[in-house]
$ cat input01.cif   # mmCIF, C-alpha atoms
data_coords
#
loop_
_atom_site.label_atom_id
_atom_site.label_comp_id
_atom_site.auth_asym_id
_atom_site.auth_seq_id
_atom_site.Cartn_x
_atom_site.Cartn_y
_atom_site.Cartn_z
CA MET Y 191 1.22 8.45 -32.08
CA PRO Y 192 3.53 10.87 -30.19
CA LYS Y 193 2.52 11.83 -26.68
CA GLU Y 194 2.21 15.47 -25.71
CA THR Y 195 3.42 16.70 -22.32
CA LYS Y 196 2.83 20.44 -22.27
CA LYS Y 197 4.52 22.50 -19.58
CA ALA Y 198 3.26 25.45 -17.51
CA ASN Y 199 4.08 28.19 -20.05
CA THR Y 200 1.51 26.81 -22.49
CA SER Y 201 -1.05 25.44 -20.04
CA ARG Y 202 -3.01 28.73 -19.76
CA ALA Y 203 -3.42 29.00 -23.51
CA MET Y 204 -4.35 25.34 -23.78
CA ASN Y 205 -6.97 25.79 -21.03
CA THR Y 206 -8.50 28.66 -23.01
CA TYR Y 207 -8.64 26.56 -26.18
CA GLY Y 208 -9.94 23.62 -24.17
CA ALA Y 209 -12.80 25.65 -22.72
CA GLY Y 210 -13.85 26.73 -26.21
CA LEU Y 211 -13.58 23.16 -27.50
CA GLU Y 212 -15.59 21.92 -24.53
CA ALA Y 213 -18.42 24.39 -25.15
CA ASN Y 214 -18.58 23.63 -28.86
CA THR Y 215 -18.43 19.84 -28.63
CA LEU Y 216 -20.63 19.30 -25.57
CA ALA Y 217 -23.31 21.42 -27.24
CA MET Y 218 -23.78 18.46 -29.60
CA LEU Y 219 -24.94 16.36 -26.64
CA ASP Y 220 -27.13 18.91 -24.86
CA SER Y 221 -30.21 18.22 -26.96
CA THR Y 222 -29.94 14.44 -27.27
CA GLY Y 223 -32.53 13.87 -24.56
CA ALA Y 224 -35.27 15.39 -26.74
CA LYS Y 225 -34.42 13.24 -29.79
CA ASP Y 226 -35.24 9.68 -30.69
CA ASN Y 227 -32.59 7.05 -30.24
CA ARG Y 228 -31.32 7.12 -33.82
CA ASP Y 229 -30.77 10.89 -33.89
CA ALA Y 230 -29.31 10.91 -30.37
CA ASN Y 231 -26.86 8.16 -31.26
CA GLU Y 232 -25.84 10.07 -34.38
CA ASP Y 233 -25.16 13.15 -32.26
CA ARG Y 234 -22.96 11.10 -29.94
CA LEU Y 235 -20.96 9.74 -32.86
CA GLN Y 236 -20.51 13.26 -34.19
CA TYR Y 237 -19.32 14.37 -30.75
CA LEU Y 238 -16.69 11.63 -30.67
CA GLU Y 239 -15.55 12.53 -34.17
CA ALA Y 240 -15.31 16.22 -33.22
CA VAL Y 241 -13.08 15.38 -30.25
CA ARG Y 242 -10.91 13.19 -32.46
CA ALA Y 243 -10.58 15.95 -35.05
CA ALA Y 244 -9.54 18.53 -32.45
CA SER Y 245 -7.36 16.42 -30.14
CA LEU Y 246 -5.82 13.64 -32.22
CA VAL Y 247 -5.69 14.61 -35.87
CA PRO Y 248 -3.64 17.86 -35.59
CA GLU Y 249 0.07 17.63 -34.86
CA HIS Y 250 -0.51 19.93 -31.88
CA GLY Y 251 -3.96 18.94 -30.73
CA ILE Y 252 -6.06 20.40 -27.94
CA PRO Y 253 -6.30 18.12 -24.89
CA PRO Y 254 -9.89 17.31 -23.89
CA THR Y 255 -11.18 18.84 -20.66
CA ASN Y 256 -12.35 16.72 -17.74
CA LYS Y 257 -15.99 17.29 -18.71
CA MET Y 258 -15.22 16.07 -22.23
CA TYR Y 259 -13.55 12.94 -20.87
CA GLN Y 260 -16.54 12.40 -18.62
CA ALA Y 261 -18.92 12.66 -21.59
CA MET Y 262 -16.87 10.15 -23.59
CA PHE Y 263 -16.77 7.75 -20.67
CA ARG Y 264 -20.53 8.07 -20.24
CA ILE Y 265 -20.93 6.92 -23.85
CA LEU Y 266 -18.60 3.98 -23.19
CA ARG Y 267 -20.55 2.91 -20.11
CA PHE Y 268 -24.09 3.54 -21.29
CA GLY Y 269 -23.86 3.54 -25.11
CA ARG Y 270 -26.96 2.06 -26.72
CA THR Y 271 -25.18 0.59 -29.71
CA LEU Y 272 -22.02 -1.45 -30.08
CA GLU Y 273 -20.72 1.12 -32.57
CA LEU Y 274 -20.91 3.86 -29.92
CA VAL Y 275 -19.26 1.74 -27.25
CA ALA Y 276 -16.42 0.65 -29.56
CA ALA Y 277 -15.87 4.18 -30.90
CA SER Y 278 -15.66 5.71 -27.41
CA PHE Y 279 -13.33 2.93 -26.24
CA HIS Y 280 -10.86 3.45 -29.08
CA LEU Y 281 -10.98 7.22 -28.76
CA LEU Y 282 -10.36 7.21 -25.01
CA THR Y 283 -7.44 4.79 -25.23
CA GLN Y 284 -5.81 6.86 -27.99
CA LEU Y 285 -6.31 10.08 -26.05
CA HIS Y 286 -4.63 8.65 -22.96
CA GLN Y 287 -1.65 7.58 -25.06
CA ARG Y 288 -1.41 11.08 -26.57
CA TYR Y 289 -2.03 13.01 -23.34
CA PRO Y 290 -0.76 10.89 -20.40
CA TRP Y 291 -1.50 12.10 -16.88
CA VAL Y 292 1.43 10.16 -15.39
CA TYR Y 293 4.71 9.88 -17.28
CA ILE Y 294 8.48 9.93 -16.92
CA SER Y 295 10.05 13.20 -18.08
CA ASP Y 296 12.57 12.88 -20.90
CA GLY Y 297 15.22 15.18 -19.43
CA LYS Y 298 15.24 14.72 -15.65
CA HIS Y 299 13.89 11.17 -15.79
CA GLU Y 300 11.49 12.01 -12.99
CA LEU Y 301 7.84 11.13 -12.55
CA GLU Y 302 5.48 13.83 -13.77
CA ILE Y 303 1.86 13.79 -12.55
CA VAL Y 304 -0.78 16.10 -14.04
CA ASP Y 305 -2.75 17.86 -11.30
CA GLU Y 306 -6.51 17.25 -11.18
CA ALA Y 307 -6.41 14.90 -14.14
CA TRP Y 308 -9.68 13.13 -14.91
CA SER Y 309 -10.04 9.49 -13.90
CA PRO Y 310 -12.81 6.95 -14.54
CA PHE Y 311 -12.37 5.66 -10.99
CA ASN Y 312 -13.94 6.98 -7.82
CA PHE Y 313 -12.07 5.99 -4.67
CA GLY Y 314 -13.64 8.57 -2.36
CA SER Y 315 -16.54 10.94 -1.82
CA ASP Y 316 -14.86 14.10 -3.10
CA VAL Y 317 -16.53 14.07 -6.54
CA ASP Y 318 -19.51 15.95 -7.90
CA SER Y 319 -22.88 14.24 -8.20
CA GLY Y 320 -22.75 14.07 -12.00
CA GLU Y 321 -19.43 12.25 -11.97
CA LYS Y 322 -20.58 9.88 -9.21
CA GLU Y 323 -23.23 8.51 -11.56
CA ILE Y 324 -20.73 7.25 -14.12
CA SER Y 325 -17.41 6.82 -12.26
CA VAL Y 326 -16.31 3.31 -11.34
CA ARG Y 327 -16.08 2.28 -7.71
CA SER Y 328 -13.95 -0.62 -6.52
CA SER Y 329 -17.01 -2.82 -6.01
CA LEU Y 330 -18.17 -2.29 -9.61
CA PHE Y 331 -14.72 -3.24 -10.90
CA GLN Y 332 -14.92 -6.54 -9.02
CA GLU Y 333 -18.43 -7.14 -10.38
CA LEU Y 334 -17.12 -6.62 -13.90
CA ILE Y 335 -14.60 -9.43 -13.43
CA GLN Y 336 -17.25 -11.71 -11.93
CA ASN Y 337 -19.48 -11.12 -14.95
CA MET Y 338 -16.79 -11.92 -17.51
CA ASN Y 339 -17.66 -15.63 -17.33
CA LYS Y 340 -21.19 -15.11 -18.65
CA GLY Y 341 -21.82 -16.67 -22.02
CA VAL Y 342 -22.28 -14.59 -25.15
CA ASP Y 343 -25.07 -15.21 -27.66
CA GLU Y 344 -25.02 -12.55 -30.32
CA SER Y 345 -28.68 -13.05 -31.11
CA GLU Y 346 -29.92 -11.72 -27.77
CA GLU Y 347 -30.36 -8.05 -26.92
CA SER Y 348 -28.70 -8.47 -23.52
CA ASP Y 349 -25.42 -9.25 -25.26
CA LEU Y 350 -24.81 -5.54 -25.80
CA LYS Y 351 -24.39 -5.25 -22.04
CA ILE Y 352 -21.99 -8.20 -21.94
CA LEU Y 353 -19.92 -6.89 -24.84
CA GLY Y 354 -20.03 -3.41 -23.36
CA ASN Y 355 -18.67 -4.79 -20.08
CA MET Y 356 -15.76 -6.36 -21.99
CA PHE Y 357 -14.91 -3.00 -23.57
CA LEU Y 358 -15.28 -1.27 -20.20
CA PHE Y 359 -13.02 -3.79 -18.46
CA LYS Y 360 -10.35 -3.50 -21.17
CA TYR Y 361 -10.44 0.28 -20.89
CA LEU Y 362 -10.17 0.31 -17.08
CA VAL Y 363 -7.18 -2.06 -17.15
CA HIS Y 364 -5.63 0.19 -19.81
CA VAL Y 365 -6.00 3.16 -17.45
CA LEU Y 366 -4.57 1.20 -14.51
CA LYS Y 367 -1.55 0.14 -16.58
CA LEU Y 368 -0.78 3.65 -17.89
CA ASP Y 369 -0.87 4.89 -14.29
CA PHE Y 370 0.99 1.99 -12.65
CA THR Y 371 3.84 1.30 -15.10
CA PRO Y 372 5.72 4.63 -14.86
CA ARG Y 373 5.15 4.78 -11.10
CA ASN Y 374 6.60 1.31 -10.59
CA GLN Y 375 9.54 2.07 -12.86
CA VAL Y 376 10.47 5.17 -10.85
CA PHE Y 377 9.89 3.27 -7.58
CA GLU Y 378 12.49 0.70 -8.67
CA GLU Y 379 15.00 3.52 -9.08
CA THR Y 380 14.11 5.71 -6.08
CA MET Y 381 12.36 3.40 -3.57
CA ASN Y 382 9.75 6.14 -3.11
CA TRP Y 383 6.81 4.06 -1.88
CA SER Y 384 4.36 6.97 -1.94
CA LEU Y 385 4.40 6.88 -5.76
CA LEU Y 386 2.92 3.37 -5.72
CA LYS Y 387 0.79 3.95 -2.66
CA GLU Y 388 -1.09 6.66 -4.56
CA SER Y 389 -1.46 4.59 -7.74
CA SER Y 390 -4.96 3.80 -8.94
CA LEU Y 391 -4.21 0.07 -8.72
CA ASN Y 392 -3.16 0.25 -5.08
CA LEU Y 393 -6.15 2.43 -4.17
CA LEU Y 394 -8.43 -0.02 -5.93
CA LEU Y 395 -7.08 -3.10 -4.15
CA ALA Y 396 -6.86 -1.35 -0.78
CA SER Y 397 -10.57 -0.55 -0.83
CA ARG Y 398 -12.72 -2.30 1.76
CA ARG Y 399 -15.26 -2.85 -1.01
CA VAL Y 400 -12.91 -5.33 -2.70
CA ASN Y 401 -12.57 -8.94 -1.58
CA PHE Y 402 -9.01 -9.47 -2.80
CA LYS Y 403 -8.94 -13.26 -2.58
CA LEU Y 404 -12.25 -13.52 -4.40
CA LEU Y 405 -11.03 -11.08 -7.05
CA MET Y 406 -7.95 -13.22 -7.68
CA LYS Y 407 -10.04 -16.40 -7.87
CA ASP Y 408 -12.39 -14.75 -10.37
CA CYS Y 409 -9.42 -13.68 -12.51
CA ILE Y 410 -8.08 -17.25 -12.59
CA SER Y 411 -11.52 -18.70 -13.29
CA THR Y 412 -12.15 -16.27 -16.16
CA MET Y 413 -8.77 -16.97 -17.75
CA CYS Y 414 -9.34 -20.74 -17.59
CA THR Y 415 -12.97 -20.83 -18.74
CA PRO Y 416 -13.25 -22.34 -22.25
CA PHE Y 417 -14.60 -20.06 -24.97
CA ASP Y 418 -16.51 -21.68 -27.82
CA ALA Y 419 -15.65 -19.68 -30.93
CA ASP Y 420 -17.89 -21.76 -33.20
CA GLY Y 421 -20.63 -19.63 -34.71
CA LYS Y 422 -19.19 -16.42 -33.22
CA SER Y 423 -18.17 -13.47 -35.34
CA ILE Y 424 -14.50 -12.66 -35.86
CA SER Y 425 -14.96 -9.36 -34.02
CA LEU Y 426 -16.46 -11.12 -31.00
CA VAL Y 427 -13.64 -13.67 -30.90
CA GLU Y 428 -11.07 -10.86 -31.08
CA LEU Y 429 -12.88 -8.93 -28.35
CA HIS Y 430 -12.79 -11.98 -26.09
CA LYS Y 431 -9.06 -12.38 -26.75
CA GLY Y 432 -8.57 -8.74 -25.87
CA MET Y 433 -10.47 -9.20 -22.62
CA LEU Y 434 -8.27 -12.18 -21.67
CA SER Y 435 -5.16 -10.16 -22.52
CA ALA Y 436 -6.39 -7.38 -20.23
CA MET Y 437 -7.06 -9.93 -17.48
CA LYS Y 438 -3.47 -11.18 -17.75
CA GLU Y 439 -2.14 -7.63 -17.68
CA LEU Y 440 -4.14 -6.96 -14.52
CA LEU Y 441 -2.78 -10.10 -12.89
CA VAL Y 442 0.81 -9.20 -13.74
CA MET Y 443 0.36 -5.65 -12.39
CA ILE Y 444 -1.03 -6.98 -9.10
CA ILE Y 445 1.88 -9.40 -8.75
CA GLU Y 446 4.39 -6.63 -9.50
CA LEU Y 447 2.70 -4.33 -6.99
CA ASP Y 448 3.02 -7.06 -4.36
CA ALA Y 449 6.70 -7.51 -5.23
CA SER Y 450 7.36 -3.76 -4.93
CA LYS Y 451 5.48 -3.55 -1.63
CA LYS Y 452 7.58 -6.43 -0.29
CA LYS Y 453 10.73 -4.46 -1.15
CA ALA Y 454 9.27 -1.40 0.56
CA ASP Y 455 8.42 -3.49 3.64
CA ILE Y 456 11.99 -4.80 3.81
CA GLU Y 457 13.32 -1.24 3.61
CA GLY Y 458 10.96 -0.19 6.41
CA ILE Y 459 9.27 2.55 4.37
CA THR Y 460 5.70 1.30 4.75
CA ASN Y 461 3.40 1.65 7.75
CA ARG Y 462 0.25 0.10 9.21
CA GLY Y 463 -1.91 2.28 7.02
CA ASP Y 464 -0.60 0.45 3.96
CA GLY Y 465 -2.43 -2.67 5.07
CA VAL Y 466 -1.54 -6.35 4.84
CA ARG Y 467 -2.97 -8.88 2.40
CA THR Y 468 -2.06 -12.32 1.13
CA PRO Y 469 0.27 -11.96 -1.89
CA ALA Y 470 -1.32 -12.69 -5.25
CA LEU Y 471 1.23 -15.40 -6.10
CA GLU Y 472 0.39 -17.28 -2.92
CA ILE Y 473 -3.32 -17.20 -3.72
CA ILE Y 474 -2.65 -18.37 -7.28
CA VAL Y 475 -0.52 -21.31 -6.13
CA ASP Y 476 -3.16 -22.31 -3.57
CA GLU Y 477 -5.90 -22.20 -6.22
CA LEU Y 478 -3.90 -24.30 -8.67
CA THR Y 479 -2.92 -26.92 -6.09
CA TYR Y 480 -4.75 -30.26 -6.40
CA ASP Y 481 -6.55 -29.21 -9.60
CA GLU Y 482 -4.83 -30.62 -12.70
CA TYR Y 483 -7.36 -29.07 -15.10
CA LEU Y 484 -7.07 -25.58 -13.64
CA LEU Y 485 -3.28 -25.84 -13.38
CA SER Y 486 -2.83 -26.95 -16.97
CA ASN Y 487 -5.21 -24.35 -18.40
CA PHE Y 488 -3.80 -21.49 -16.36
CA LEU Y 489 -0.17 -22.18 -17.27
CA GLN Y 490 -1.14 -22.43 -20.95
CA VAL Y 491 -2.97 -19.10 -20.89
CA PHE Y 492 -0.75 -17.11 -18.52
CA ASP Y 493 2.21 -16.23 -20.74
CA ASP Y 494 4.36 -13.91 -18.63
CA PRO Y 495 7.57 -16.00 -18.39
CA LYS Y 496 9.01 -14.32 -15.29
CA TRP Y 497 5.96 -14.80 -13.10
CA LYS Y 498 4.97 -18.14 -14.63
CA LEU Y 499 8.39 -19.46 -13.62
CA GLU Y 500 7.94 -18.04 -10.12
CA ILE Y 501 4.55 -19.79 -9.80
CA VAL Y 502 6.16 -23.11 -10.79
CA LEU Y 503 9.01 -22.61 -8.31
CA GLN Y 504 6.67 -21.76 -5.44
CA TYR Y 505 4.42 -24.72 -6.24
CA LEU Y 506 7.24 -27.30 -6.34
CA THR Y 507 9.10 -25.84 -3.39
CA LYS Y 508 6.17 -26.74 -1.13
CA TYR Y 509 6.81 -30.45 -1.73
CA ILE Y 510 10.60 -30.63 -1.75
CA PRO Y 511 12.21 -31.85 1.50
CA LYS Y 512 14.50 -29.35 3.17
CA PRO Y 513 17.16 -30.99 5.38
CA SER Y 514 18.19 -28.98 8.41
CA VAL Y 515 21.88 -29.90 8.01
CA ARG Y 516 23.84 -29.98 4.74
CA THR Y 517 25.91 -33.09 4.19
CA ARG Y 518 28.43 -33.79 1.49
CA ARG Y 519 26.41 -36.70 0.14
CA SER Y 520 23.06 -34.94 0.27
CA ASN Y 521 21.24 -34.83 -3.08
CA THR Y 522 18.60 -32.49 -1.75
CA PRO Y 523 19.11 -28.85 -2.76
CA GLN Y 524 19.45 -26.33 0.01
CA GLY Y 525 17.37 -23.17 0.48
CA GLU Y 526 19.29 -21.03 -1.98
CA ASP Y 527 19.22 -23.77 -4.62
CA LEU Y 528 15.42 -23.97 -4.43
CA LYS Y 529 15.16 -20.41 -5.73
CA THR Y 530 16.19 -21.59 -9.20
CA LEU Y 531 14.60 -24.03 -11.62
CA ASN Y 532 17.84 -25.97 -12.02
CA GLY Y 533 18.17 -26.35 -8.25
CA ILE Y 534 14.68 -27.81 -8.01
CA LEU Y 535 15.19 -30.09 -11.00
CA LYS Y 536 18.26 -31.60 -9.32
CA THR Y 537 15.91 -32.86 -6.61
CA PHE Y 538 14.52 -35.36 -9.10
CA SER Y 539 17.98 -36.88 -9.63
CA ASN Y 540 17.45 -38.60 -6.29
CA GLY Y 541 15.10 -41.54 -6.82
CA THR Y 542 13.63 -41.36 -3.32
CA ASN Y 543 12.90 -37.63 -3.59
CA ALA Y 544 11.43 -38.01 -7.08
CA LYS Y 545 9.18 -40.85 -5.93
CA ASN Y 546 7.97 -38.99 -2.83
CA ILE Y 547 7.23 -35.75 -4.68
CA THR Y 548 5.45 -37.58 -7.50
CA LYS Y 549 3.38 -39.51 -4.98
CA LYS Y 550 2.26 -36.28 -3.29
CA ILE Y 551 1.24 -34.25 -6.33
CA GLY Y 552 0.94 -36.85 -9.08
CA PRO Y 553 3.02 -37.57 -12.20
CA VAL Y 554 0.77 -35.44 -14.44
CA VAL Y 555 1.21 -32.34 -12.27
CA VAL Y 556 4.97 -32.91 -12.01
CA GLN Y 557 5.30 -33.01 -15.81
CA ILE Y 558 3.09 -29.93 -16.24
CA LEU Y 559 5.15 -27.94 -13.74
CA ILE Y 560 8.55 -29.02 -15.02
CA GLY Y 561 7.51 -28.46 -18.64
CA HIS Y 562 6.04 -24.99 -18.21
CA GLY Y 563 8.86 -23.95 -15.89
CA PHE Y 564 11.41 -25.02 -18.47
CA LEU Y 565 9.64 -23.26 -21.37
CA ALA Y 566 9.33 -20.10 -19.29
CA GLN Y 567 13.02 -20.25 -18.44
CA LEU Y 568 13.92 -20.55 -22.13
CA THR Y 569 12.23 -17.23 -22.88
CA ILE Y 570 14.12 -15.41 -20.13
CA SER Y 571 17.41 -14.20 -21.55
CA ASN Y 572 19.36 -13.95 -18.27
CA THR Y 573 19.04 -17.23 -16.39
CA ASN Y 574 19.21 -17.17 -12.62
CA GLU Y 575 22.62 -17.13 -11.00
CA GLY Y 576 24.42 -17.60 -14.30
CA GLU Y 577 23.11 -21.10 -14.87
CA SER Y 578 23.52 -22.07 -18.51
CA ILE Y 579 20.66 -23.19 -20.72
CA THR Y 580 22.69 -26.33 -21.43
CA GLU Y 581 22.75 -27.28 -17.76
CA ILE Y 582 19.03 -26.66 -17.40
CA CYS Y 583 18.22 -28.73 -20.50
CA ASN Y 584 20.24 -31.64 -19.11
CA SER Y 585 18.45 -31.31 -15.77
CA VAL Y 586 15.01 -31.33 -17.46
CA ILE Y 587 15.87 -34.44 -19.45
CA ALA Y 588 17.24 -36.17 -16.36
CA ALA Y 589 14.20 -35.23 -14.22
CA LEU Y 590 11.58 -36.45 -16.71
CA THR Y 591 13.58 -39.58 -17.52
CA ASN Y 592 13.97 -40.40 -13.84
CA LEU Y 593 10.17 -40.34 -13.36
CA LYS Y 594 9.93 -43.45 -15.51
CA ARG Y 595 12.77 -45.13 -13.66
CA VAL Y 596 11.21 -44.72 -10.21
CA ASP Y 597 7.84 -46.04 -11.41
CA GLN Y 598 7.43 -48.00 -14.65
CA LYS Y 599 3.66 -47.32 -14.59
CA ILE Y 600 4.19 -43.59 -15.11
CA GLU Y 601 3.50 -42.46 -18.66
CA ILE Y 602 5.20 -39.44 -20.14
CA LEU Y 603 2.48 -37.09 -21.42
CA PRO Y 604 2.52 -35.75 -24.99
CA PHE Y 605 3.36 -32.38 -23.42
CA GLY Y 606 6.23 -34.01 -21.51
CA LYS Y 607 7.52 -35.55 -24.74
CA GLU Y 608 7.39 -32.13 -26.43
CA VAL Y 609 9.44 -30.67 -23.58
CA LEU Y 610 12.00 -33.48 -23.86
CA PHE Y 611 12.23 -32.92 -27.62
CA THR Y 612 12.69 -29.17 -27.13
CA ALA Y 613 15.45 -29.70 -24.55
CA GLU Y 614 17.24 -32.14 -26.85
CA MET Y 615 17.01 -29.75 -29.82
CA VAL Y 616 18.41 -26.89 -27.71
CA LEU Y 617 21.34 -29.08 -26.68
CA LYS Y 618 22.05 -29.94 -30.32
CA THR Y 619 22.13 -26.25 -31.27
CA LYS Y 620 24.51 -25.55 -28.37
CA ALA Y 621 26.84 -28.45 -29.21
#
$ encode --input "input01.cif" --output "structure tokens"
Amino acid sequence: MPKETKKANTSRAMNTYGAGLEANTLAMLDSTGAKDNRDANEDRLQYLEAVRAASLVPEHGIPPTNKMYQAMFRILRFGRTLELVAASFHLLTQLHQRYPWVYISDGKHELEIVDEAWSPFNFGSDVDSGEKEISVRSSLFQELIQNMNKGVDESEESDLKILGNMFLFKYLVHVLKLDFTPRNQVFEETMNWSLLKESSLNLLLASRRVNFKLLMKDCISTMCTPFDADGKSISLVELHKGMLSAMKELLVMIIELDASKKKADIEGITNRGDGVRTPALEIIVDELTYDEYLLSNFLQVFDDPKWKLEIVLQYLTKYIPKPSVRTRRSNTPQGEDLKTLNGILKTFSNGTNAKNITKKIGPVVVQILIGHGFLAQLTISNTNEGESITEICNSVIAALTNLKRVDQKIEILPFGKEVLFTAEMVLKTKA
């Protein structure tokens, strides 16, 4: 679906059409309070269909007004049937794709931001009373994540609320991503920190109503909580998968925001008002430390190769000895070497180092980290510092093989054997 980015010369005409569309469509909802639930729900479905017909179906549709967006979001939040909630969710996401409020212009390649665009979030007090009732505050967003772990039993009436929360969470992350992605892309090119400072994601996380560490822990816990699909409908299973996908997208956005803020800090373009918080990656590594179950589940679910590799590197780096003086015979990688997977893997070529590290974090954790780090590296096309895949494969094989040499009691896990097999197959294809 092509996006529409109308300029100033057509905005007045579009506002006129929008006002007429607003009056005609919202009239469908004005009398719903006097009707029974079935008729009221039918009116809401007709309203959503009318918006779709006017804004999405035509090649040059009419963008919805803020009041129309607000009405659609009200249905998403408080819809009394799953059909209403799902219909409003799909319509809103399609409308945002068609009519973005933040985008990169095709010609000048600059960031364009639509003035006074509607948002489901409320980060301040400058909103009317009607919008306050349905807009999402930072505290509610955190509550949504905390409630994602609640079980779902389709036979109970309360499940509509749980399923509705999943749709709401997916939609809010969708909004955050559409706002954050173009801003971060332009920041990378211009180093204009204000673009990210004013992003919905940054405003959300900067709120005093959000406990950032707790939010990160809830994200990890939700991603790692088992979901029993037995007896569940296909639609429910797919909805749960979509919720987990949104959770991963949120996590990646937070990590990327931290990375961009670090660059801005180094350039000296931030100030005290931007605040200071523990980076997301640091919190993740701390949560995964000493918990084999959580570590294994998280690395299986979290599939962003770039940041998965960074998590593995940060985890292992904590336990690798760092000599203060480099010697010619030293087998311990130096600081720069520890920034790459191959540099860390070379640590395990030294029997003493391999034994000490394994003793500290356990042979199971070592295999999990090496294996997931290697698989993540394989999916990244440009390896760090020009290191070849062949060299990394040899280092993985040497590291896992050396574990058995330093301690005969250590068993290579099935996952470790799969990693060894993969490395060997890659080497054969490269030969």
$ resolve_selection --input "input01.cif" --expression "the PyMOL selection byres ((chain Y and resi 239) around 12)" --output "list of chain:residue names"
Y:Thr215, Y:Met218, Y:Glu232, Y:Asp233, Y:Arg234, Y:Leu235, Y:Gln236, Y:Tyr237, Y:Leu238, Y:Ala240, Y:Val241, Y:Arg242, Y:Ala243, Y:Ala244, Y:Ser245, Y:Leu246, Y:Val247, Y:Met262, Y:Leu274, Y:Ala277, Y:Ser278, Y:His280, Y:Leu281, Y:Leu282
$ resolve_selection --input "input01.cif" --expression "the PyMOL selection byres ((chain Y and resi 365-370) around 10)" --output "compact mmCIF listing (two decimals) with C-alpha atoms, in the coordinates of the input"
# COMPACT_ATOMS: atom_id res chain seq x y z
CA LEU Y 282 -10.36 7.21 -25.01
CA THR Y 283 -7.44 4.79 -25.23
CA HIS Y 286 -4.63 8.65 -22.96
CA GLN Y 287 -1.65 7.58 -25.06
CA PRO Y 290 -0.76 10.89 -20.40
CA TRP Y 291 -1.50 12.10 -16.88
CA VAL Y 292 1.43 10.16 -15.39
CA TYR Y 293 4.71 9.88 -17.28
CA ILE Y 303 1.86 13.79 -12.55
CA SER Y 309 -10.04 9.49 -13.90
CA PRO Y 310 -12.81 6.95 -14.54
CA PHE Y 311 -12.37 5.66 -10.99
CA PHE Y 359 -13.02 -3.79 -18.46
CA LYS Y 360 -10.35 -3.50 -21.17
CA TYR Y 361 -10.44 0.28 -20.89
CA LEU Y 362 -10.17 0.31 -17.08
CA VAL Y 363 -7.18 -2.06 -17.15
CA HIS Y 364 -5.63 0.19 -19.81
CA THR Y 371 3.84 1.30 -15.10
CA PRO Y 372 5.72 4.63 -14.86
CA ARG Y 373 5.15 4.78 -11.10
CA ASN Y 374 6.60 1.31 -10.59
CA GLN Y 375 9.54 2.07 -12.86
CA LEU Y 385 4.40 6.88 -5.76
CA LEU Y 386 2.92 3.37 -5.72
CA GLU Y 388 -1.09 6.66 -4.56
CA SER Y 389 -1.46 4.59 -7.74
CA SER Y 390 -4.96 3.80 -8.94
CA LEU Y 391 -4.21 0.07 -8.72
CA ASN Y 392 -3.16 0.25 -5.08
CA LEU Y 394 -8.43 -0.02 -5.93
CA ALA Y 436 -6.39 -7.38 -20.23
CA GLU Y 439 -2.14 -7.63 -17.68
CA LEU Y 440 -4.14 -6.96 -14.52
CA MET Y 443 0.36 -5.65 -12.39
CA ILE Y 444 -1.03 -6.98 -9.10
CA GLU Y 446 4.39 -6.63 -9.50
CA LEU Y 447 2.70 -4.33 -6.99
$ atom_distance --input "input01.cif" --atom1 "CA of Gly421 (chain Y)" --atom2 "CA of Leu272 (chain Y)"
18.8 Å
$ atom_distance --input "input01.cif" --atom1 "CA of Ile570 (chain Y)" --atom2 "CA of Thr380 (chain Y)"
25.4 Å
$ resolve_selection --input "input01.cif" --expression "the PyMOL selection byres ((chain Y and resi 329) around 12)" --output "PyMOL selection string"
chain Y and resi 311-313+325-328+330-336+394-402+404-405
$ residues_around --input "input01.cif" --residues "Ile445 (chain Y)" --least-positions-apart "3" --cutoff "9 Å" --atoms "all atoms listed in the file" --output "ChimeraX atom specification"
/Y:440-442,448-450,469-471,497
$ decode --input "input01.cif" --residues "region 294-308 of chain Y" --atoms "C-alpha atoms" --output "PDB file, in the first residue's frame"
ATOM      1  CA  ILE Y 294      11.908  10.729   5.278  1.00  0.00           C
ATOM      2  CA  SER Y 295      11.205  12.882   2.219  1.00  0.00           C
ATOM      3  CA  ASP Y 296      12.034  11.284  -1.120  1.00  0.00           C
ATOM      4  CA  GLY Y 297      13.787  14.278  -2.670  1.00  0.00           C
ATOM      5  CA  LYS Y 298      15.701  16.093   0.079  1.00  0.00           C
ATOM      6  CA  HIS Y 299      16.109  12.982   2.231  1.00  0.00           C
ATOM      7  CA  GLU Y 300      15.138  15.008   5.277  1.00  0.00           C
ATOM      8  CA  LEU Y 301      12.866  14.148   8.164  1.00  0.00           C
ATOM      9  CA  GLU Y 302       9.306  15.372   7.706  1.00  0.00           C
ATOM     10  CA  ILE Y 303       7.043  15.642  10.768  1.00  0.00           C
ATOM     11  CA  VAL Y 304       3.318  16.359  10.454  1.00  0.00           C
ATOM     12  CA  ASP Y 305       2.262  19.145  12.822  1.00  0.00           C
ATOM     13  CA  GLU Y 306      -0.364  18.308  15.451  1.00  0.00           C
ATOM     14  CA  ALA Y 307      -0.613  14.701  14.313  1.00  0.00           C
ATOM     15  CA  TRP Y 308      -2.766  12.463  16.502  1.00  0.00           C
TER      16      TRP Y 308
END
